[in-house]
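Trainee: Input: one structure, supplied below.
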Amino acid sequence: MTCFIYAATTTFDFAYDDLPQIVDNPQVHSAAFLPKYFSSHVWSQSPGQAANFYRPLFMTWLLANFEVFELQPAGWHVTSVLLHLLAAWLVFWLARKMVRDNGIAALTAAAIFAFHPSHVESVAWISGVTESLATAFFVGSFLAYLQYKELGKVRWISVSLGLCLGAVLCKETAVVLPLVILLYELLLAPAPAGPGKSVGRIGSTAARLAPFVVIVAIYLVVRTIVLHGFAHRMEHVSTAQAIFTLPWVVYFYLSQILVPVQLGLVYDVDYVTGPSLTLLVIPLLVLLAAAFGVWQWAKRSKSNLPIFLAAWFAVTLAPVLAVF
């Protein structure tokens with residue numbers, strides 16, 4: 001079904017950022033530039049572009065596609081669809097872990113992920129492949145961590161750490177992976193029984209998390225060096241405006257997941273300069289109602305899984321809000 005839905009993309013051409021980033025970019029036309037991907041930002045071929053994106057594995061993906069398909073867009077679109085399929089497959093296995101091998105529930109979750117309209121941009125638009133790349137590494141890393149917890153074999157934690165590194169080198173938002181793992185440990189991991197076990201659990205959890213934190217810390221340092229700063233502001237907004245606008249932005253993301261209509265490539269943000277019924281009060285009430293609904297769901301199901309998944313959504317969105 002996923003292949004059928006996205007079959008039409010094989011007839012699409014390069015569009016928007018694809019032109020300067022792929023078609024007119026000599027840096028993805030030769031493997032000689034491969035080392036440069038790790039020492040420059042994504043738009044280094046275009047003077048004057050803000051250096052905010054450090055994504056060497058994304059650039060490597062573009063190079064690999066060019067080596068195989070050159071500038072024939074059909075092949076690029078096929079690999080984008082296949083990558084989305086891989087992400088959906090990983091979501092299926094993650095769902096099976098979360099819902100205790102309930103295959104129907106896991107298949108339903110994977111289908112919602114695979115068919116959700118909000119993913120059209122990252123699948124149909126070649127330059128949007130960063131989403132699928134980061135998702136595959138991110139979910140794969142978390143799955144490998146769960147395997148390590150279940151089997152206790154060192155190779156799984158090694159795989160998880162390697163995929164974590166891959167995720168942050170695909171897209172910046174993957175830096176929250178250690179926090180997602182921490183949330184899992186706090187909300188879903190079985191609590192040890194017996195006196196003094198809680199202290200030991202804290203120590204063992206910290207030991208498992210430490211390598212992930214180190215990877216993210218090293219990535220942030222390298223990113224800051226390469227970009228000559230952690231990030232470069234695209235627009236100056238007062239702190240008050242940012243605080244007033246944040247509820248509307250979170251509400252917008254939530255509404256696009258629940259009711260994915262009027263999708264586009266770029267969305268305009270109306271900055272909120274003060275108390276507003278439609279742009280501040282109503283979004284806050286909706287978010288509070290959503291949080292209350294998740295809490296009630298967890299209470300009735302006697303499981304922290306709804307809280308964990310809602311927290312995953314919020315945490316993964318946090319880097320976007322921080323940049324904003």
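Following the order of the structure tokens, first chain is A, next is B, and so on, with residues numbered from 1 inside each chain and ligands from 1 in the order they appear.
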List the neighbours of Pro275 (chain A) out to 10 Å using only C-alpha atoms; skip same-chain residues closer than 6 positions along the sequence, and give me the result as a PyMOL selection string.
Mentor: chain A and resi 244-245+281
Trainee: Go ahead and write the residues just picked, N, CA and C atoms, as a PDB file, in the first residue's frame.
Mentor:
ATOM      1  N   PHE A 244       4.888  33.921  24.285  1.00  0.00           N
ATOM      2  CA  PHE A 244       3.476  33.995  23.927  1.00  0.00           C
ATOM      3  C   PHE A 244       3.153  33.121  22.708  1.00  0.00           C
ATOM      4  N   THR A 245       4.116  32.941  21.817  1.00  0.00           N
ATOM      5  CA  THR A 245       3.864  32.224  20.567  1.00  0.00           C
ATOM      6  C   THR A 245       4.031  30.712  20.705  1.00  0.00           C
ATOM      7  N   VAL A 281      -4.969  31.658  24.388  1.00  0.00           N
ATOM      8  CA  VAL A 281      -5.844  31.004  25.368  1.00  0.00           C
ATOM      9  C   VAL A 281      -6.366  29.672  24.832  1.00  0.00           C
TER      10      VAL A 281
END
Trainee: Can you list every residue of region 135-192 of chain A that has an atom at most 12 Å from region 34-55 of chain A, with its nearest atom pair and the distance in Å to one decimal, using only C-alpha atoms, ordered by chain then number, as JSON lines?
Mentor:
{"residue": "A:Leu165", "atom": "CA", "partner": "A:Arg55", "partner_atom": "CA", "distance": 11.4}
{"residue": "A:Gly166", "atom": "CA", "partner": "A:Arg55", "partner_atom": "CA", "distance": 9.8}
{"residue": "A:Ala167", "atom": "CA", "partner": "A:Arg55", "partner_atom": "CA", "distance": 9.5}
{"residue": "A:Val168", "atom": "CA", "partner": "A:Arg55", "partner_atom": "CA", "distance": 7.8}
{"residue": "A:Leu169", "atom": "CA", "partner": "A:Arg55", "partner_atom": "CA", "distance": 5.1}
{"residue": "A:Cys170", "atom": "CA", "partner": "A:Arg55", "partner_atom": "CA", "distance": 4.9}
{"residue": "A:Lys171", "atom": "CA", "partner": "A:Arg55", "partner_atom": "CA", "distance": 5.9}
{"residue": "A:Glu172", "atom": "CA", "partner": "A:Tyr54", "partner_atom": "CA", "distance": 7.6}
{"residue": "A:Thr173", "atom": "CA", "partner": "A:Phe53", "partner_atom": "CA", "distance": 10.9}
{"residue": "A:Ala174", "atom": "CA", "partner": "A:Arg55", "partner_atom": "CA", "distance": 11.2}
Trainee: For the residues selected in the previous step, produce a file with N, CA, C and O atoms as a PDB file, in the first residue's frame.
Mentor:
ATOM      1  N   LEU A 165      24.788   7.848  16.817  1.00  0.00           N
ATOM      2  CA  LEU A 165      25.717   8.750  16.129  1.00  0.00           C
ATOM      3  C   LEU A 165      25.216   9.049  14.722  1.00  0.00           C
ATOM      4  O   LEU A 165      25.250  10.196  14.266  1.00  0.00           O
ATOM      5  N   GLY A 166      24.730   8.008  14.037  1.00  0.00           N
ATOM      6  CA  GLY A 166      24.196   8.224  12.701  1.00  0.00           C
ATOM      7  C   GLY A 166      23.017   9.167  12.699  1.00  0.00           C
ATOM      8  O   GLY A 166      22.878  10.012  11.802  1.00  0.00           O
ATOM      9  N   ALA A 167      22.160   9.066  13.704  1.00  0.00           N
ATOM     10  CA  ALA A 167      20.963   9.904  13.766  1.00  0.00           C
ATOM     11  C   ALA A 167      21.311  11.382  13.884  1.00  0.00           C
ATOM     12  O   ALA A 167      20.762  12.221  13.167  1.00  0.00           O
ATOM     13  N   VAL A 168      22.243  11.713  14.784  1.00  0.00           N
ATOM     14  CA  VAL A 168      22.585  13.132  14.963  1.00  0.00           C
ATOM     15  C   VAL A 168      23.328  13.690  13.760  1.00  0.00           C
ATOM     16  O   VAL A 168      23.305  14.902  13.519  1.00  0.00           O
ATOM     17  N   LEU A 169      23.980  12.812  12.991  1.00  0.00           N
ATOM     18  CA  LEU A 169      24.684  13.270  11.790  1.00  0.00           C
ATOM     19  C   LEU A 169      23.743  13.395  10.594  1.00  0.00           C
ATOM     20  O   LEU A 169      24.151  13.825   9.520  1.00  0.00           O
ATOM     21  N   CYS A 170      22.468  12.991  10.794  1.00  0.00           N
ATOM     22  CA  CYS A 170      21.451  13.153   9.753  1.00  0.00           C
ATOM     23  C   CYS A 170      20.624  14.415   9.973  1.00  0.00           C
ATOM     24  O   CYS A 170      20.335  15.150   9.043  1.00  0.00           O
ATOM     25  N   LYS A 171      20.242  14.643  11.231  1.00  0.00           N
ATOM     26  CA  LYS A 171      19.414  15.810  11.535  1.00  0.00           C
ATOM     27  C   LYS A 171      19.547  16.178  13.002  1.00  0.00           C
ATOM     28  O   LYS A 171      19.652  15.313  13.864  1.00  0.00           O
ATOM     29  N   GLU A 172      19.503  17.488  13.275  1.00  0.00           N
ATOM     30  CA  GLU A 172      19.799  18.008  14.606  1.00  0.00           C
ATOM     31  C   GLU A 172      18.833  17.524  15.682  1.00  0.00           C
ATOM     32  O   GLU A 172      19.216  17.351  16.838  1.00  0.00           O
ATOM     33  N   THR A 173      17.569  17.309  15.330  1.00  0.00           N
ATOM     34  CA  THR A 173      16.575  16.960  16.345  1.00  0.00           C
ATOM     35  C   THR A 173      16.864  15.628  17.026  1.00  0.00           C
ATOM     36  O   THR A 173      16.300  15.344  18.094  1.00  0.00           O
ATOM     37  N   ALA A 174      17.742  14.813  16.448  1.00  0.00           N
ATOM     38  CA  ALA A 174      18.055  13.509  17.050  1.00  0.00           C
ATOM     39  C   ALA A 174      18.841  13.628  18.349  1.00  0.00           C
ATOM     40  O   ALA A 174      19.029  12.623  19.041  1.00  0.00           O
TER      41      ALA A 174
END
Trainee: Mind checking which residues fall within 10 Å of Ile104 (chain A), counting only C-alpha atoms, ignoring those fewer than 5 positions away in the same chain, and posting them as a ChimeraX atom specification?
Mentor: /A:92,95-96,99,109-110
Trainee: Would you put the residues from that selection into a file with N, CA, C and O atoms, as a short mmCIF file (atom, residue, chain, number, x, y, z; two decimals), in the first residue's frame?
Mentor:
data_model
loop_
_atom_site.label_atom_id
_atom_site.label_comp_id
_atom_site.auth_asym_id
_atom_site.auth_seq_id
_atom_site.Cartn_x
_atom_site.Cartn_y
_atom_site.Cartn_z
N PHE A 92 6.98 -0.49 13.15
CA PHE A 92 6.21 -1.71 13.43
C PHE A 92 6.85 -2.50 14.55
O PHE A 92 6.18 -2.92 15.51
N ALA A 95 6.53 -0.73 17.86
CA ALA A 95 5.17 -0.87 18.39
C ALA A 95 4.97 -2.25 19.00
O ALA A 95 4.32 -2.39 20.04
N ARG A 96 5.53 -3.29 18.37
CA ARG A 96 5.41 -4.63 18.95
C ARG A 96 6.07 -4.71 20.32
O ARG A 96 5.57 -5.38 21.23
N VAL A 99 3.68 -2.68 22.79
CA VAL A 99 2.37 -3.25 23.11
C VAL A 99 2.45 -4.75 23.34
O VAL A 99 1.49 -5.47 23.15
N ALA A 109 -0.35 0.72 13.99
CA ALA A 109 0.54 1.86 14.25
C ALA A 109 1.47 2.12 13.07
O ALA A 109 1.66 3.27 12.65
N ALA A 110 2.04 1.04 12.52
CA ALA A 110 2.95 1.19 11.38
C ALA A 110 2.21 1.72 10.16
O ALA A 110 2.75 2.53 9.39
#
Trainee: List the neighbours of Ala31 (chain A) out to 9 Å using only C-alpha atoms; skip same-chain residues closer than 5 positions along the sequence, and give me the result as a ChimeraX atom specification.
Mentor: /A:60,63-64,67
Trainee: Can you list, as number ranges by chain, every protein, DNA or RNA residue that comes within 12 Å of region 3-6 of chain A when you count only C-alpha atoms, leaving out same-chain residues fewer than 5 positions away?
Mentor: A: 11-12, 74, 77-86, 88, 111, 114-117, 119-125
Trainee: Go ahead and save the picked residues with C-alpha atoms, as an mmCIF file, in the first residue's frame.
Mentor:
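Wrote it out as selection_19.cif, contents follow:
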data_model
loop_
_atom_site.group_PDB
_atom_site.id
_atom_site.type_symbol
_atom_site.label_atom_id
_atom_site.label_comp_id
_atom_site.auth_asym_id
_atom_site.auth_seq_id
_atom_site.Cartn_x
_atom_site.Cartn_y
_atom_site.Cartn_z
ATOM 1 C CA THR A 11 7.377 10.679 -12.205
ATOM 2 C CA PHE A 12 8.241 13.786 -10.198
ATOM 3 C CA ALA A 74 13.083 8.696 -10.701
ATOM 4 C CA HIS A 77 12.391 9.125 -5.557
ATOM 5 C CA VAL A 78 12.502 5.314 -5.417
ATOM 6 C CA THR A 79 15.180 5.359 -2.707
ATOM 7 C CA SER A 80 13.190 7.970 -0.752
ATOM 8 C CA VAL A 81 10.134 5.695 -0.769
ATOM 9 C CA LEU A 82 12.246 2.671 0.223
ATOM 10 C CA LEU A 83 13.745 4.641 3.112
ATOM 11 C CA HIS A 84 10.247 5.578 4.275
ATOM 12 C CA LEU A 85 9.337 1.879 4.115
ATOM 13 C CA LEU A 86 12.346 1.072 6.297
ATOM 14 C CA ALA A 88 7.704 2.237 8.855
ATOM 15 C CA ALA A 111 0.165 1.766 8.836
ATOM 16 C CA ALA A 114 3.347 4.888 6.682
ATOM 17 C CA PHE A 115 0.197 6.517 5.294
ATOM 18 C CA HIS A 116 0.049 9.704 7.373
ATOM 19 C CA PRO A 117 -0.285 12.736 5.063
ATOM 20 C CA HIS A 119 4.965 12.521 5.774
ATOM 21 C CA VAL A 120 4.296 13.413 2.145
ATOM 22 C CA GLU A 121 6.902 16.175 2.200
ATOM 23 C CA SER A 122 9.686 13.947 3.526
ATOM 24 C CA VAL A 123 8.899 11.161 1.025
ATOM 25 C CA ALA A 124 7.825 12.973 -2.140
ATOM 26 C CA TRP A 125 10.369 15.792 -1.857
#
Trainee: Would you please work out which residue, of A:Phe230, A:Trp248, A:Tyr253, A:Phe137, is nearest to Ser118 (chain A) when using only C-alpha atoms?
Mentor: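 For Ser118 (chain A), the nearest of the candidates is A:Tyr253.
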